[in-house]
$ cat upload-v8.pdb   # PDB, C-alpha atoms
ATOM      1  CA  MET I   1     137.642  50.037  -7.886
ATOM      2  CA  ARG I   2     136.617  48.403  -4.603
ATOM      3  CA  ASP I   3     134.692  45.497  -6.018
ATOM      4  CA  GLY I   4     136.588  42.393  -6.880
ATOM      5  CA  PRO I   5     135.788  39.947  -9.597
ATOM      6  CA  LYS I   6     132.341  38.737 -10.404
ATOM      7  CA  SER I   7     132.251  35.007 -10.173
ATOM      8  CA  THR I   8     129.862  32.565 -11.774
ATOM      9  CA  SER I   9     130.749  29.044 -10.848
ATOM     10  CA  ARG I  10     129.224  25.652 -10.479
ATOM     11  CA  GLY I  11     128.141  24.666  -7.005
ATOM     12  CA  LYS I  12     128.094  21.180  -5.538
ATOM     13  CA  SER I  13     124.992  20.348  -7.577
ATOM     14  CA  GLY I  14     126.902  20.885 -10.836
ATOM     15  CA  ARG I  15     124.421  23.520 -12.040
ATOM     16  CA  ALA I  16     125.624  26.984 -12.946
ATOM     17  CA  ALA I  17     125.343  29.250  -9.921
ATOM     18  CA  ARG I  18     124.168  32.830  -9.842
ATOM     19  CA  GLU I  19     126.645  35.666 -10.183
ATOM     20  CA  HIS I  20     128.570  36.450  -6.989
ATOM     21  CA  ARG I  21     130.155  39.895  -6.590
ATOM     22  CA  ILE I  22     133.216  39.887  -4.359
ATOM     23  CA  PRO I  23     133.988  42.948  -2.207
ATOM     24  CA  LEU I  24     137.697  43.448  -1.663
ATOM     25  CA  SER I  25     139.256  44.786   1.524
ATOM     26  CA  ASP I  26     141.707  47.652   1.297
ATOM     27  CA  ARG I  27     144.527  45.177   2.049
ATOM     28  CA  ALA I  28     143.399  42.865  -0.772
ATOM     29  CA  LEU I  29     143.358  45.823  -3.151
ATOM     30  CA  THR I  30     146.896  46.747  -2.092
ATOM     31  CA  ILE I  31     148.098  43.203  -2.795
ATOM     32  CA  ILE I  32     146.373  43.139  -6.185
ATOM     33  CA  LYS I  33     147.857  46.524  -7.127
ATOM     34  CA  MET I  34     151.351  45.297  -6.168
ATOM     35  CA  ALA I  35     150.864  42.131  -8.226
ATOM     36  CA  ALA I  36     149.458  44.123 -11.149
ATOM     37  CA  ASN I  37     152.710  46.069 -11.407
ATOM     38  CA  ALA I  38     154.502  42.829 -12.265
ATOM     39  CA  LYS I  39     151.909  41.267 -14.532
ATOM     40  CA  THR I  40     152.838  40.395 -18.091
ATOM     41  CA  GLY I  41     149.428  39.576 -19.561
ATOM     42  CA  ASP I  42     145.748  40.032 -18.901
ATOM     43  CA  PHE I  43     145.727  38.187 -15.570
ATOM     44  CA  VAL I  44     146.971  39.564 -12.269
ATOM     45  CA  PHE I  45     147.534  35.975 -11.137
ATOM     46  CA  PRO I  46     148.434  34.127 -14.342
ATOM     47  CA  GLY I  47     148.580  30.386 -14.725
ATOM     48  CA  GLN I  48     151.440  28.300 -16.057
ATOM     49  CA  ARG I  49     149.999  28.305 -19.560
ATOM     50  CA  ASN I  50     150.320  31.463 -21.589
ATOM     51  CA  GLU I  51     147.217  33.679 -21.372
ATOM     52  CA  LYS I  52     145.408  31.333 -18.955
ATOM     53  CA  PRO I  53     144.272  32.160 -15.412
ATOM     54  CA  LEU I  54     145.643  30.531 -12.299
ATOM     55  CA  SER I  55     144.397  26.967 -11.955
ATOM     56  CA  VAL I  56     141.692  26.102  -9.427
ATOM     57  CA  MET I  57     144.230  23.616  -8.032
ATOM     58  CA  ALA I  58     147.025  26.199  -7.589
ATOM     59  CA  MET I  59     146.451  26.854  -3.880
ATOM     60  CA  GLU I  60     146.172  23.150  -3.117
ATOM     61  CA  MET I  61     149.475  22.522  -4.887
ATOM     62  CA  VAL I  62     151.153  25.293  -2.861
ATOM     63  CA  LEU I  63     149.951  23.649   0.363
ATOM     64  CA  ARG I  64     151.261  20.266  -0.816
ATOM     65  CA  ARG I  65     154.672  21.685  -1.719
ATOM     66  CA  MET I  66     154.878  23.409   1.666
ATOM     67  CA  LYS I  67     154.065  20.041   3.287
ATOM     68  CA  PHE I  68     151.244  21.373   5.448
ATOM     69  CA  ASP I  69     149.640  18.172   6.693
ATOM     70  CA  GLY I  70     145.933  18.378   7.439
ATOM     71  CA  VAL I  71     145.549  21.806   5.792
ATOM     72  CA  THR I  72     143.087  22.121   2.921
ATOM     73  CA  VAL I  73     141.904  24.954   0.727
ATOM     74  CA  HIS I  74     138.359  24.343   1.956
ATOM     75  CA  GLY I  75     139.738  24.652   5.480
ATOM     76  CA  PHE I  76     140.450  28.334   4.804
ATOM     77  CA  ARG I  77     136.755  28.836   4.017
ATOM     78  CA  SER I  78     135.816  26.903   7.134
ATOM     79  CA  ALA I  79     138.215  28.955   9.274
ATOM     80  CA  PHE I  80     136.633  32.150   7.913
ATOM     81  CA  ARG I  81     133.142  30.898   8.712
ATOM     82  CA  ASP I  82     134.123  29.827  12.234
ATOM     83  CA  TRP I  83     135.746  33.208  12.860
ATOM     84  CA  ALA I  84     132.742  35.127  11.534
ATOM     85  CA  GLY I  85     130.321  33.125  13.660
ATOM     86  CA  ASN I  86     132.361  32.918  16.845
ATOM     87  CA  GLU I  87     134.328  36.154  16.952
ATOM     88  CA  THR I  88     132.150  38.797  15.274
ATOM     89  CA  HIS I  89     128.652  40.209  15.499
ATOM     90  CA  PHE I  90     128.004  40.028  11.754
ATOM     91  CA  PRO I  91     124.697  38.291  10.995
ATOM     92  CA  ARG I  92     124.841  34.664   9.895
ATOM     93  CA  GLU I  93     123.315  35.604   6.529
ATOM     94  CA  ILE I  94     126.183  37.993   5.764
ATOM     95  CA  ALA I  95     128.832  35.361   6.539
ATOM     96  CA  GLU I  96     127.003  32.788   4.423
ATOM     97  CA  ALA I  97     126.610  35.282   1.566
ATOM     98  CA  ALA I  98     130.370  36.016   1.710
ATOM     99  CA  LEU I  99     130.934  32.322   0.986
ATOM    100  CA  ALA I 100     128.372  32.402  -1.869
ATOM    101  CA  HIS I 101     126.157  29.974   0.030
ATOM    102  CA  THR I 102     122.445  29.855  -0.718
ATOM    103  CA  ILE I 103     120.487  31.108   2.294
ATOM    104  CA  GLY I 104     116.956  30.162   3.299
ATOM    105  CA  ASP I 105     114.206  28.188   1.661
ATOM    106  CA  LYS I 106     112.832  28.762  -1.851
ATOM    107  CA  ALA I 107     110.419  31.481  -0.688
ATOM    108  CA  GLU I 108     113.121  33.433   1.149
ATOM    109  CA  GLN I 109     115.450  33.099  -1.824
ATOM    110  CA  ALA I 110     112.753  34.448  -4.150
ATOM    111  CA  TYR I 111     112.442  37.623  -2.058
ATOM    112  CA  ARG I 112     116.160  38.115  -1.361
ATOM    113  CA  ARG I 113     117.101  40.234  -4.370
ATOM    114  CA  GLY I 114     120.139  42.125  -3.051
ATOM    115  CA  ASP I 115     123.543  40.708  -2.281
ATOM    116  CA  ALA I 116     124.415  42.807   0.817
ATOM    117  CA  LEU I 117     127.628  43.941  -0.870
ATOM    118  CA  GLU I 118     128.389  46.796   1.547
ATOM    119  CA  LYS I 119     127.728  44.631   4.605
ATOM    120  CA  ARG I 120     129.951  41.919   3.135
ATOM    121  CA  ARG I 121     132.605  44.581   2.440
ATOM    122  CA  ALA I 122     132.631  45.486   6.158
ATOM    123  CA  LEU I 123     132.958  41.790   7.008
ATOM    124  CA  MET I 124     135.897  41.389   4.611
ATOM    125  CA  GLU I 125     137.633  44.454   6.123
ATOM    126  CA  ALA I 126     137.261  42.873   9.570
ATOM    127  CA  TRP I 127     138.614  39.549   8.237
ATOM    128  CA  ALA I 128     141.598  41.314   6.653
ATOM    129  CA  GLY I 129     142.311  42.978   9.996
ATOM    130  CA  PHE I 130     142.140  39.623  11.751
ATOM    131  CA  CYS I 131     144.469  37.964   9.218
ATOM    132  CA  GLU I 132     147.093  40.711   9.237
ATOM    133  CA  PRO I 133     149.869  39.676  11.643
ATOM    134  CA  LYS I 134     150.180  41.968  14.640
ATOM    135  CA  ALA I 135     152.734  42.002  17.435
ATOM    136  CA  GLY I 136     151.569  39.668  20.190
ATOM    137  CA  SER I 137     148.733  38.168  18.126
ATOM    138  CA  ASN I 138     147.908  34.522  17.626
ATOM    139  CA  VAL I 139     148.052  34.799  13.821
ATOM    140  CA  ILE I 140     150.729  32.554  12.377
ATOM    141  CA  SER I 141     152.392  33.345   9.064
ATOM    142  CA  LEU I 142     151.995  30.505   6.562
ATOM    143  CA  THR I 143     155.639  29.882   5.812
ATOM    144  CA  ARG I 144     157.632  26.704   6.038
ATOM    145  CA  ALA I 145     159.496  28.146   9.041
ATOM    146  CA  SER I 146     156.223  28.464  10.990
ATOM    147  CA  ILE I 147     155.505  24.739  11.089
TER
END
$ encode --input "upload-v8.pdb" --output "structure tokens"
Amino acid sequence: MRDGPKSTSRGKSGRAAREHRIPLSDRALTIIKMAANAKTGDFVFPGQRNEKPLSVMAMEMVLRRMKFDGVTVHGFRSAFRDWAGNETHFPREIAEAALAHTIGDKAEQAYRRGDALEKRRALMEAWAGFCEPKAGSNVISLTRASI
């Protein structure tokens, strides 16, 4: 399985959004498979309550406990978008689609029926490669010791 979860969430407007399929990089699949070996219920990343998923606030709480000042969960999305726009040749529409952003005016949206899953998969593979620490790279591991 190379596709990740399907997500239907509420956008900033509060209305239910359309379904968003999430392509997973090979590295993400490896991490999920490792986590799945230790799971005790239905969720790979369980929440604190029995049989509940991880909270939408979980990542924010991790950042708070690690005392990363000025780092936000939304900042990770922003960093991805900056990287995609500044460091790659992927089209703007693919980067925006990876973030589940609505692209174009009403007419363009009416004609855009596909979700560019395979193009987004290539983008996510490139992002995974960028995020994976390499000797001599400028990628910093997010651990308390790195700050």
$ atom_distance --input "upload-v8.pdb" --atom1 "CA of Arg18 in chain I" --atom2 "CA of Glu60 in chain I"
25.0 Å
$ resolve_selection --input "upload-v8.pdb" --expression "the PyMOL selection byres ((chain I and resi 115-121) around 8)" --output "compact mmCIF listing (two decimals) with C-alpha atoms, in the frame of the given file"
# COMPACT_ATOMS: atom_id res chain seq x y z
CA ARG I 21 130.16 39.90 -6.59
CA ILE I 22 133.22 39.89 -4.36
CA PRO I 23 133.99 42.95 -2.21
CA LEU I 24 137.70 43.45 -1.66
CA SER I 25 139.26 44.79 1.52
CA ILE I 94 126.18 37.99 5.76
CA ALA I 95 128.83 35.36 6.54
CA ALA I 97 126.61 35.28 1.57
CA ALA I 98 130.37 36.02 1.71
CA ARG I 112 116.16 38.12 -1.36
CA ARG I 113 117.10 40.23 -4.37
CA GLY I 114 120.14 42.12 -3.05
CA ALA I 122 132.63 45.49 6.16
CA LEU I 123 132.96 41.79 7.01
CA MET I 124 135.90 41.39 4.61
CA GLU I 125 137.63 44.45 6.12
$ residues_around --input "upload-v8.pdb" --residues "Arg81 in chain I" --least-positions-apart "5" --cutoff "12 Å" --atoms "all atoms listed in the file" --output "number ranges by chain"
I: 74-76, 86-88, 90-101, 123-124, 127
$ write_last_selection --input "upload-v8.pdb" --atoms "C-alpha atoms" --output "CSV table (one decimal), in the frame of the given file"
chain,number,residue,atom,x,y,z
I,74,HIS,CA,138.4,24.3,2.0
I,75,GLY,CA,139.7,24.7,5.5
I,76,PHE,CA,140.4,28.3,4.8
I,86,ASN,CA,132.4,32.9,16.8
I,87,GLU,CA,134.3,36.2,17.0
I,88,THR,CA,132.2,38.8,15.3
I,90,PHE,CA,128.0,40.0,11.8
I,91,PRO,CA,124.7,38.3,11.0
I,92,ARG,CA,124.8,34.7,9.9
I,93,GLU,CA,123.3,35.6,6.5
I,94,ILE,CA,126.2,38.0,5.8
I,95,ALA,CA,128.8,35.4,6.5
I,96,GLU,CA,127.0,32.8,4.4
I,97,ALA,CA,126.6,35.3,1.6
I,98,ALA,CA,130.4,36.0,1.7
I,99,LEU,CA,130.9,32.3,1.0
I,100,ALA,CA,128.4,32.4,-1.9
I,101,HIS,CA,126.2,30.0,0.0
I,123,LEU,CA,133.0,41.8,7.0
I,124,MET,CA,135.9,41.4,4.6
I,127,TRP,CA,138.6,39.5,8.2
$ closest_residue --input "upload-v8.pdb" --among "I:His20, I:Ala84, I:Thr30, I:Arg64" --to "Phe130 in chain I" --atoms "only C-alpha atoms"
I:Ala84
$ atom_distance --input "upload-v8.pdb" --atom1 "CA of Asp82 in chain I" --atom2 "CA of Cys131 in chain I"
13.5 Å
$ residues_around --input "upload-v8.pdb" --residues "Met57 in chain I" --least-positions-apart "5" --cutoff "12 Å" --atoms "all atoms listed in the file" --output "VMD selection string"
chain I and resid 47 to 48 62 to 64 72 to 74
$ residues_around --input "upload-v8.pdb" --residues "Val44 in chain I" --least-positions-apart "4" --cutoff "7 Å" --atoms "all atoms listed in the file" --output "MDAnalysis selection string"
chainID I and resid 35:36 39
